[in-house]
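This report refers to the structure that appears directly beneath it.
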Amino acid sequence: MTMTRRDLLGAVGLAAGSAAMYHAMATLGHAQASTYQGRISLEGTPNGDRVLVLGAGLAGMTAALELRAAGYEVQVLEYREKAGGRCWTLRGGDTYTDIGGVTQTVAFENGGYLNPGPWRIPYNHHAVLDYCKRLGVKLEPFIQKNHNAYLHRSDAFDGKPQRFRHIATDYRGHVAELLAKATNQGLLDAEVTNADKAKLLESLQEYGILTDDHAYVASETASEYRGFEREAGGGRDGAPTASTPLSMEQILQSDLWRWLTDAESVHHQSAIFQPVGGMDMIAQAFAREVGDLITYNAKVISMLQDEGGVTVRYENTTTGGEPVEVTADWCVCTVPFSILGQMEHNLPAEKSRAIDSMYYEGSVKFGLEMKRRFWEEDEDIYGGITYTDLPIALISYPSSDYLSGGKAVLLGGYVWGAAAYEFNAMQPDEAVKWAVEYGARIHSQYADEFAGGVAVSWHKVPWVLGCYGIWADRDRDYEGAVTMGSGERIVLAGEHLSYLPGWQEGAILSALDAIEQLHQHATNR
Amino acid sequence: MTRIFTLLVAGIAIGAASMTAWAQGTDAPAAPDAPETSDFRMFEPTVEEWERFRSAARITHQGGEAVYNATCAGCHMPQGQGAVGAGKYPALANNDLLAGAAYPIHLVVNGQHAMPPFGGLLDDQQVADVVNYIRSSFGNDFIAEYGEATVEEVAGVRP
């Protein structure tokens with residue numbers, strides 16, 4: 001009998017349970033990096049049960065949207081004056097005041113923007129994509145890998161940036177040649193059968209663009225990949241000139257190969273997207289659905305549960321006055337642990353341990369507006385990323401509005417580690433000055449074209465106090481933190497409670513799991 | 001990063017005062033083949049600015065005040081006054097919790113709550129220096145009564 005794929009999966013699922021099913025699906029190419037199962041279904045909601053959601057980021061708004069749809073009465077408390085949390089975009093006319101009280105006014109023109117937080121949506125982040133589809137958020141390709149962008153190290157090639165295609169093609173060619181040599185010299189005989197040897201050599205020739213003698217040399221074929229010295233034309237003088245590869249020693253010693261696989265992980269490989277006009281188009285779309293449930297400018301100061309329900313107190317940050325007390329049957333708390341750890345709460349010990357031991361990573365981003373798209377006009381770079389060992393770490397070119405005139409905004413740096421702490425300690429104008437200095441070492445045009453910039457350091461962002469959560473001991477604390485124990489009225493959610501930390505997908509998946517547990521508690525009372 | 005430093009300290013575009021500062025530096029590298037110009041394109045760095053971004057892996061500033069200004073000041077603020085948002089960064093100014101050295105040493109090395117551990121970015125001397133700096137600045141005056149933080153104490157709290 002013939003078995004369809006669906007039959008096979010059904011049989012595996014029945015016989016072996018869902019774990020085996022998952023592995024079978026992964027083998028057949030269905031299951032991907034995210035475990036999203038499609039739109040959540042919460043049936044049989046108790047009449048009138050009231051839920052408080054703390055935080056109107058993507059986790060909180062996902063919870064609010066689905067819980068209301070299921071029949072719960074929902075109220076969301078949000079510290080900020082608007083929804084989105086780290087799903088956030090800065091555009092011309094916006095202001096941003098950091099925790100030190102320093103306000104930056106963004107003066108970008110032509111729709112230019114900076115996404116200080118998340119900026120990409122991989123094809124396998126099924127939940128984010130599904131909500132974009134449901135809520136009508138328009139996506140466009142994000143250029144992650146650009147063969148014509150640069151790889152740069154201050155101590156390699158005299159500090160001159162190298163085209164990605166040169167380093168990638170030459171690295172591959174030299175490695176393939178070496179492996180072919182070893183194979184031909186019989187050095188791999190213990191590892192490879194004669195039949196495989198023939199195939200290996202054939203594949204290396206194709207993969208590395210080698211000659212029939214398995215050498216990687218200057219050739220028209222290799223130039224089809226690394227680029228020609230003189231590009232192909234038409235008519236008179238149309239013939240191209242082959243380019244000369246860099247030597248293996250140059251490539252290896254440059255350390256530029258360190259970035260060659262950056263776009264290959266499942267969270268970065270193609271296809272990868274961005275919302276048209278800025279990441280907060282997702283936040284705005286959610287807010288159109290659930291904005292009427294949100295109380296803004298509400299700084300939560302305590303969250304207490306007992307067997308009857310949940311009591312939350314918050315201060316109104318604009319009007320001041322006595323704290324407001326609100327009660328509910330249930331609570332979904334998406335407050336980052338950096339802040340929850342400072343609030344009064346009576347969560348059980350294993351949750352407190354997770355909250356108190358999670359620290360928050362620092363990170364800094366720069367939006368630099370340039371008077372023209374010199375990367376396109378002068379250097380044929382359309383979107384994508386240049387990597388550097390300078391403290392800015394990278395420059396990302398806008399993946400939109402190509403070839404348009406006027407000003408445009410670069411991501412002038414995306415910084416982690418020691419450099420992020422140093423930038424965090426600077427005032428924004430000073431940090432921008434340094435980002436411009438470092439960028440100018442890659443693009444000399446910065447000197448003439450820089451118009452203005454904005455810096456966002458996540459440790460200074462008043463509503464998170466950091467970029468994303470790092471577990472002190474995830475193996476020890478994770479299950480206790482994400483599980484709504486029997487008798488509990490509060491469930492925790494957010495990117496920090498996922499295996500996709502710092503990704504919006506993690507925030508949404510965490511929220512869906514949280515409300516599923518909440519719903520089970522509510523319906524099994 | 002070493003290369004950047006090499007280039008900029010050897011640069012002729014940099015003033016004499018700065019050259020003096022470099023000559024007194026603790027780990028000034030030799031620059032046998034340094035080019036004729038500084039790597040700096042957009043501004044001429046001050047002595048203090050020269051010390052910035054010297055390593056991708058560590059904070060390289062020396063002395064308590066320099067370490068504080070290059071890292072801690074970002075959250076605890078330049079005068080140690082702390083900051084308040086949805087949560088807060090505690091003020092270090094006039095803070096009795098800094099009386100003994102053990103507590104701030106532990107916090108700096110291992111982190112606590114949302115504060116990240118800095119043990120991997122600072123060596124024992126830097127930690128001792130910055131702890132002594134905050135214990136003797138911003139209205140704090142704890143060294144005479146409670147003693148200095150030492151590198152041995154710092155080494156002792158590393159995990």
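Identifiers in this document derive from the order of the structure tokens: chains are assigned A, B, ..., residues are numbered from 1 separately in each chain, and ligands are numbered from 1 in order of occurrence.
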Please report as a PDB file with N, CA and C atoms, in the first residue's frame which residues of chain A come no farther than 6 Å from chain B, using only C-alpha atoms.
```pdb
ATOM      1  N   ILE A  99      16.612  57.013  31.418  1.00  0.00           N
ATOM      2  CA  ILE A  99      16.396  56.980  32.872  1.00  0.00           C
ATOM      3  C   ILE A  99      17.207  58.053  33.591  1.00  0.00           C
ATOM      4  N   ASP A 155      42.999  45.631  12.049  1.00  0.00           N
ATOM      5  CA  ASP A 155      44.354  45.115  11.878  1.00  0.00           C
ATOM      6  C   ASP A 155      44.490  44.212  10.645  1.00  0.00           C
ATOM      7  N   SER A 338      13.971  42.411  35.819  1.00  0.00           N
ATOM      8  CA  SER A 338      14.780  43.519  36.321  1.00  0.00           C
ATOM      9  C   SER A 338      13.918  44.484  37.134  1.00  0.00           C
ATOM     10  N   ILE A 339      12.637  44.527  36.823  1.00  0.00           N
ATOM     11  CA  ILE A 339      11.709  45.425  37.521  1.00  0.00           C
ATOM     12  C   ILE A 339      10.840  44.648  38.509  1.00  0.00           C
ATOM     13  N   ASP A 356      15.154  36.957  41.101  1.00  0.00           N
ATOM     14  CA  ASP A 356      16.252  37.694  41.741  1.00  0.00           C
ATOM     15  C   ASP A 356      17.620  37.368  41.152  1.00  0.00           C
ATOM     16  N   SER A 357      17.727  36.235  40.477  1.00  0.00           N
ATOM     17  CA  SER A 357      19.058  35.861  39.976  1.00  0.00           C
ATOM     18  C   SER A 357      19.214  36.144  38.479  1.00  0.00           C
ATOM     19  N   TYR A 359      19.898  38.441  35.463  1.00  0.00           N
ATOM     20  CA  TYR A 359      20.380  39.793  35.209  1.00  0.00           C
ATOM     21  C   TYR A 359      20.091  40.175  33.766  1.00  0.00           C
ATOM     22  N   TYR A 360      20.263  41.459  33.473  1.00  0.00           N
ATOM     23  CA  TYR A 360      19.879  41.941  32.149  1.00  0.00           C
ATOM     24  C   TYR A 360      21.087  42.400  31.353  1.00  0.00           C
ATOM     25  N   ALA A 418      31.746  44.651  26.557  1.00  0.00           N
ATOM     26  CA  ALA A 418      32.448  45.740  27.237  1.00  0.00           C
ATOM     27  C   ALA A 418      32.131  47.090  26.597  1.00  0.00           C
ATOM     28  N   TYR A 421      28.882  48.686  27.694  1.00  0.00           N
ATOM     29  CA  TYR A 421      28.926  49.357  29.001  1.00  0.00           C
ATOM     30  C   TYR A 421      29.578  50.726  28.888  1.00  0.00           C
ATOM     31  N   GLU A 422      30.615  50.809  28.053  1.00  0.00           N
ATOM     32  CA  GLU A 422      31.278  52.113  27.894  1.00  0.00           C
ATOM     33  C   GLU A 422      30.338  53.115  27.209  1.00  0.00           C
ATOM     34  N   ASN A 424      27.129  52.970  27.321  1.00  0.00           N
ATOM     35  CA  ASN A 424      26.045  53.238  28.269  1.00  0.00           C
ATOM     36  C   ASN A 424      26.418  54.363  29.237  1.00  0.00           C
ATOM     37  N   ALA A 425      27.706  54.446  29.542  1.00  0.00           N
ATOM     38  CA  ALA A 425      28.159  55.454  30.505  1.00  0.00           C
ATOM     39  C   ALA A 425      28.301  56.840  29.873  1.00  0.00           C
ATOM     40  N   GLU A 437      32.573  58.454  14.429  1.00  0.00           N
ATOM     41  CA  GLU A 437      34.022  58.286  14.253  1.00  0.00           C
ATOM     42  C   GLU A 437      34.351  56.881  13.729  1.00  0.00           C
ATOM     43  N   PRO A 462      13.992  53.277  30.614  1.00  0.00           N
ATOM     44  CA  PRO A 462      13.341  53.274  31.927  1.00  0.00           C
ATOM     45  C   PRO A 462      12.369  52.119  32.172  1.00  0.00           C
ATOM     46  N   TRP A 463      11.809  51.553  31.094  1.00  0.00           N
ATOM     47  CA  TRP A 463      10.795  50.522  31.323  1.00  0.00           C
ATOM     48  C   TRP A 463      11.336  49.102  31.245  1.00  0.00           C
TER      49      TRP A 463
END
```
| request: Fewer than 4 positions away in the same chain doesn't count, so skip those; otherwise give me all residues within 8 Å of region 164-174 of chain A, counting only C-alpha atoms, as JSON, numbers by chain. | output: {"A": [146, 147, 148, 149, 150, 151, 178, 207, 208, 209, 210, 216, 222, 225, 226, 227, 245, 246, 247, 248, 251, 252, 256, 257, 260]}
| query | Leaving out Ala451 (chain A) and any residue of its chain fewer than 3 positions from it, which residues lie within 9 Å of it when counting only C-alpha atoms, given as an MDAnalysis selection string? | reply | chainID A and resid 108 368:371 407 448
Would you save the residues from that selection as a short mmCIF file (atom, residue, chain, number, x, y, z; two decimals), in the first residue's frame, using C-alpha atoms?
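Result file is selection.cif:
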```cif
data_model
loop_
_atom_site.label_atom_id
_atom_site.label_comp_id
_atom_site.auth_asym_id
_atom_site.auth_seq_id
_atom_site.Cartn_x
_atom_site.Cartn_y
_atom_site.Cartn_z
CA PHE A 108 14.92 61.87 10.83
CA LEU A 368 22.56 57.77 12.08
CA GLU A 369 20.94 59.91 9.44
CA MET A 370 23.02 60.64 6.34
CA LYS A 371 22.35 63.33 3.77
CA LYS A 407 18.34 61.62 3.61
CA ASP A 448 30.53 65.02 4.77
#
```
| Distance in Å - CA of Gly485 (chain A) versus CA of Ser352 (chain A) |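 A separation of 13.6 Å between them.
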| CA of Gly85 (chain A) to CA of Leu42 (chain A), straight-line distance in Å |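 Here the two named atoms are 25.6 Å from each other.
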| message | For the strand (DSSP E) assignment from backbone DSSP, which residues of region 300-475 of chain A qualify? Please present them as a PyMOL selection string. | response | chain A and resi 300-306+309-316+324-328+330-333+344-345+359-360+364-370+384-388+394-397+408-415+450-457+469-470
| request: Can you pull out every residue within 10 Å of Leu98 (chain B), counting only C-alpha atoms, but drop anything in the same chain fewer than 3 positions away, and send it as a ChimeraX atom specification? | output: /B:92-95,101-105,131-132,134-136,140-143,146
Atoms to include: N, CA and C atoms. Write the selected residues as a PDB file, in the first residue's frame.
```pdb
ATOM      1  N   LEU B  92      24.163  55.476  45.051  1.00  0.00           N
ATOM      2  CA  LEU B  92      25.348  55.097  45.825  1.00  0.00           C
ATOM      3  C   LEU B  92      25.708  56.214  46.802  1.00  0.00           C
ATOM      4  N   ALA B  93      25.235  57.427  46.480  1.00  0.00           N
ATOM      5  CA  ALA B  93      25.531  58.570  47.340  1.00  0.00           C
ATOM      6  C   ALA B  93      24.912  58.371  48.724  1.00  0.00           C
ATOM      7  N   ASN B  94      25.699  58.671  49.739  1.00  0.00           N
ATOM      8  CA  ASN B  94      25.227  58.585  51.126  1.00  0.00           C
ATOM      9  C   ASN B  94      24.552  57.245  51.415  1.00  0.00           C
ATOM     10  N   ASN B  95      25.210  56.179  51.009  1.00  0.00           N
ATOM     11  CA  ASN B  95      24.596  54.858  51.127  1.00  0.00           C
ATOM     12  C   ASN B  95      25.374  54.014  52.141  1.00  0.00           C
ATOM     13  N   ALA B 101      33.475  46.700  52.780  1.00  0.00           N
ATOM     14  CA  ALA B 101      33.854  46.496  51.385  1.00  0.00           C
ATOM     15  C   ALA B 101      33.240  45.224  50.794  1.00  0.00           C
ATOM     16  N   ALA B 102      32.929  44.265  51.662  1.00  0.00           N
ATOM     17  CA  ALA B 102      32.538  42.943  51.164  1.00  0.00           C
ATOM     18  C   ALA B 102      31.296  42.998  50.265  1.00  0.00           C
ATOM     19  N   TYR B 103      30.289  43.777  50.681  1.00  0.00           N
ATOM     20  CA  TYR B 103      29.026  43.805  49.933  1.00  0.00           C
ATOM     21  C   TYR B 103      29.213  44.398  48.534  1.00  0.00           C
ATOM     22  N   PRO B 104      29.774  45.608  48.418  1.00  0.00           N
ATOM     23  CA  PRO B 104      29.969  46.126  47.052  1.00  0.00           C
ATOM     24  C   PRO B 104      30.918  45.265  46.206  1.00  0.00           C
ATOM     25  N   ILE B 105      31.916  44.643  46.815  1.00  0.00           N
ATOM     26  CA  ILE B 105      32.806  43.760  46.039  1.00  0.00           C
ATOM     27  C   ILE B 105      31.987  42.622  45.431  1.00  0.00           C
ATOM     28  N   VAL B 131      35.491  49.981  44.017  1.00  0.00           N
ATOM     29  CA  VAL B 131      34.767  49.830  45.283  1.00  0.00           C
ATOM     30  C   VAL B 131      35.262  50.870  46.285  1.00  0.00           C
ATOM     31  N   ASN B 132      36.556  51.067  46.339  1.00  0.00           N
ATOM     32  CA  ASN B 132      37.076  52.098  47.251  1.00  0.00           C
ATOM     33  C   ASN B 132      36.643  53.493  46.810  1.00  0.00           C
ATOM     34  N   ILE B 134      33.773  54.363  45.263  1.00  0.00           N
ATOM     35  CA  ILE B 134      32.383  54.668  45.641  1.00  0.00           C
ATOM     36  C   ILE B 134      32.216  54.737  47.162  1.00  0.00           C
ATOM     37  N   ARG B 135      33.108  54.067  47.894  1.00  0.00           N
ATOM     38  CA  ARG B 135      33.032  54.109  49.366  1.00  0.00           C
ATOM     39  C   ARG B 135      33.641  55.384  49.934  1.00  0.00           C
ATOM     40  N   SER B 136      34.287  56.155  49.069  1.00  0.00           N
ATOM     41  CA  SER B 136      34.913  57.394  49.558  1.00  0.00           C
ATOM     42  C   SER B 136      34.472  58.609  48.739  1.00  0.00           C
ATOM     43  N   ASN B 140      30.099  59.574  50.787  1.00  0.00           N
ATOM     44  CA  ASN B 140      30.507  58.404  51.577  1.00  0.00           C
ATOM     45  C   ASN B 140      31.940  58.608  52.081  1.00  0.00           C
ATOM     46  N   ASP B 141      32.204  58.118  53.294  1.00  0.00           N
ATOM     47  CA  ASP B 141      33.542  58.257  53.861  1.00  0.00           C
ATOM     48  C   ASP B 141      33.791  57.056  54.774  1.00  0.00           C
ATOM     49  N   PHE B 142      33.946  55.892  54.164  1.00  0.00           N
ATOM     50  CA  PHE B 142      33.968  54.655  54.943  1.00  0.00           C
ATOM     51  C   PHE B 142      35.351  54.014  55.062  1.00  0.00           C
ATOM     52  N   ILE B 143      36.326  54.522  54.320  1.00  0.00           N
ATOM     53  CA  ILE B 143      37.608  53.815  54.263  1.00  0.00           C
ATOM     54  C   ILE B 143      38.325  53.835  55.620  1.00  0.00           C
ATOM     55  N   TYR B 146      36.327  51.549  58.131  1.00  0.00           N
ATOM     56  CA  TYR B 146      36.082  50.136  57.804  1.00  0.00           C
ATOM     57  C   TYR B 146      37.188  49.484  56.970  1.00  0.00           C
TER      58      TYR B 146
END
```
| request: Could you please write out, as a VMD selection string, every residue of region 33-159 of chain B that DSSP assigns to alpha helix (DSSP H)? | output: chain B and resid 47 to 50 64 to 67 73 to 76 102 to 110 124 to 135 143 to 146 151 to 157
| Neighbours of region 504-517 of chain A within 9 Å (only C-alpha atoms; same-chain residues fewer than 3 positions away dropped), as a PyMOL selection string? | chain A and resi 34-36+40-42+57-63+66-67+86-87+118+121+125-129+332+334+482-484+491-501+520-522
Next, write the just-selected residues to a file, as a CSV table (one decimal), in the first residue's frame, keeping C-alpha atoms as the atom set.
```csv
chain,number,residue,atom,x,y,z
A,34,SER,CA,9.5,27.8,16.7
A,35,THR,CA,6.9,25.5,18.3
A,36,TYR,CA,3.9,27.7,17.4
A,40,ILE,CA,-4.8,29.3,20.3
A,41,SER,CA,-8.2,28.0,21.2
A,42,LEU,CA,-9.5,28.6,24.8
A,57,GLY,CA,4.5,44.7,25.2
A,58,LEU,CA,4.0,41.9,22.7
A,59,ALA,CA,3.6,39.2,25.4
A,60,GLY,CA,1.0,41.3,27.3
A,61,MET,CA,-1.0,42.3,24.2
A,62,THR,CA,-1.0,38.7,22.9
A,63,ALA,CA,-2.4,37.6,26.2
A,66,GLU,CA,-6.6,36.1,23.1
A,67,LEU,CA,-8.1,36.2,26.6
A,86,ARG,CA,10.7,46.7,23.3
A,87,CYS,CA,8.8,46.5,20.0
A,118,PRO,CA,14.0,43.8,17.6
A,121,ILE,CA,11.6,38.5,11.8
A,125,HIS,CA,9.2,32.6,13.8
A,126,HIS,CA,5.7,31.3,13.0
A,127,ALA,CA,3.8,33.1,15.8
A,128,VAL,CA,5.1,36.6,14.9
A,129,LEU,CA,4.4,36.0,11.3
A,332,VAL,CA,-0.6,37.6,33.6
A,334,THR,CA,5.0,40.2,31.7
A,482,VAL,CA,7.2,29.2,33.7
A,483,THR,CA,4.8,26.9,35.4
A,484,MET,CA,1.6,28.2,37.1
A,491,VAL,CA,1.4,33.4,35.7
A,492,LEU,CA,4.6,34.9,34.3
A,493,ALA,CA,5.3,35.6,30.6
A,494,GLY,CA,7.7,37.4,28.3
A,495,GLU,CA,10.8,36.9,26.2
A,496,HIS,CA,12.8,36.1,29.3
A,497,LEU,CA,10.5,33.0,29.9
A,498,SER,CA,11.4,31.3,26.6
A,499,TYR,CA,14.2,29.6,24.8
A,500,LEU,CA,14.1,32.4,22.3
A,501,PRO,CA,15.4,35.2,24.6
A,520,GLN,CA,-6.8,25.5,32.6
A,521,HIS,CA,-6.8,26.8,36.2
A,522,ALA,CA,-9.9,29.0,35.6
```
| task | Name all residues at most 8 Å from Val154 (chain B) (count only C-alpha atoms; drop same-chain ones fewer than 5 positions away) and give them as a list in words. | result |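 Near neighbours after the sequence-gap exclusion: Ile105, His106, Val109, Asp124, Val127, Ala128 and Ala149 of chain B.
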Using C-alpha atoms, can you write the selected residues to a file as a short mmCIF file (atom, residue, chain, number, x, y, z; two decimals), in the first residue's frame?
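The result, stored in part-v9.cif:
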```
data_model
loop_
_atom_site.label_atom_id
_atom_site.label_comp_id
_atom_site.auth_asym_id
_atom_site.auth_seq_id
_atom_site.Cartn_x
_atom_site.Cartn_y
_atom_site.Cartn_z
CA ILE B 105 32.81 43.76 46.04
CA HIS B 106 30.33 40.91 45.79
CA VAL B 109 32.01 40.80 40.72
CA ASP B 124 40.91 42.36 40.87
CA VAL B 127 37.28 46.06 41.28
CA ALA B 128 39.10 47.02 44.49
CA ALA B 149 38.93 46.84 49.72
#
```
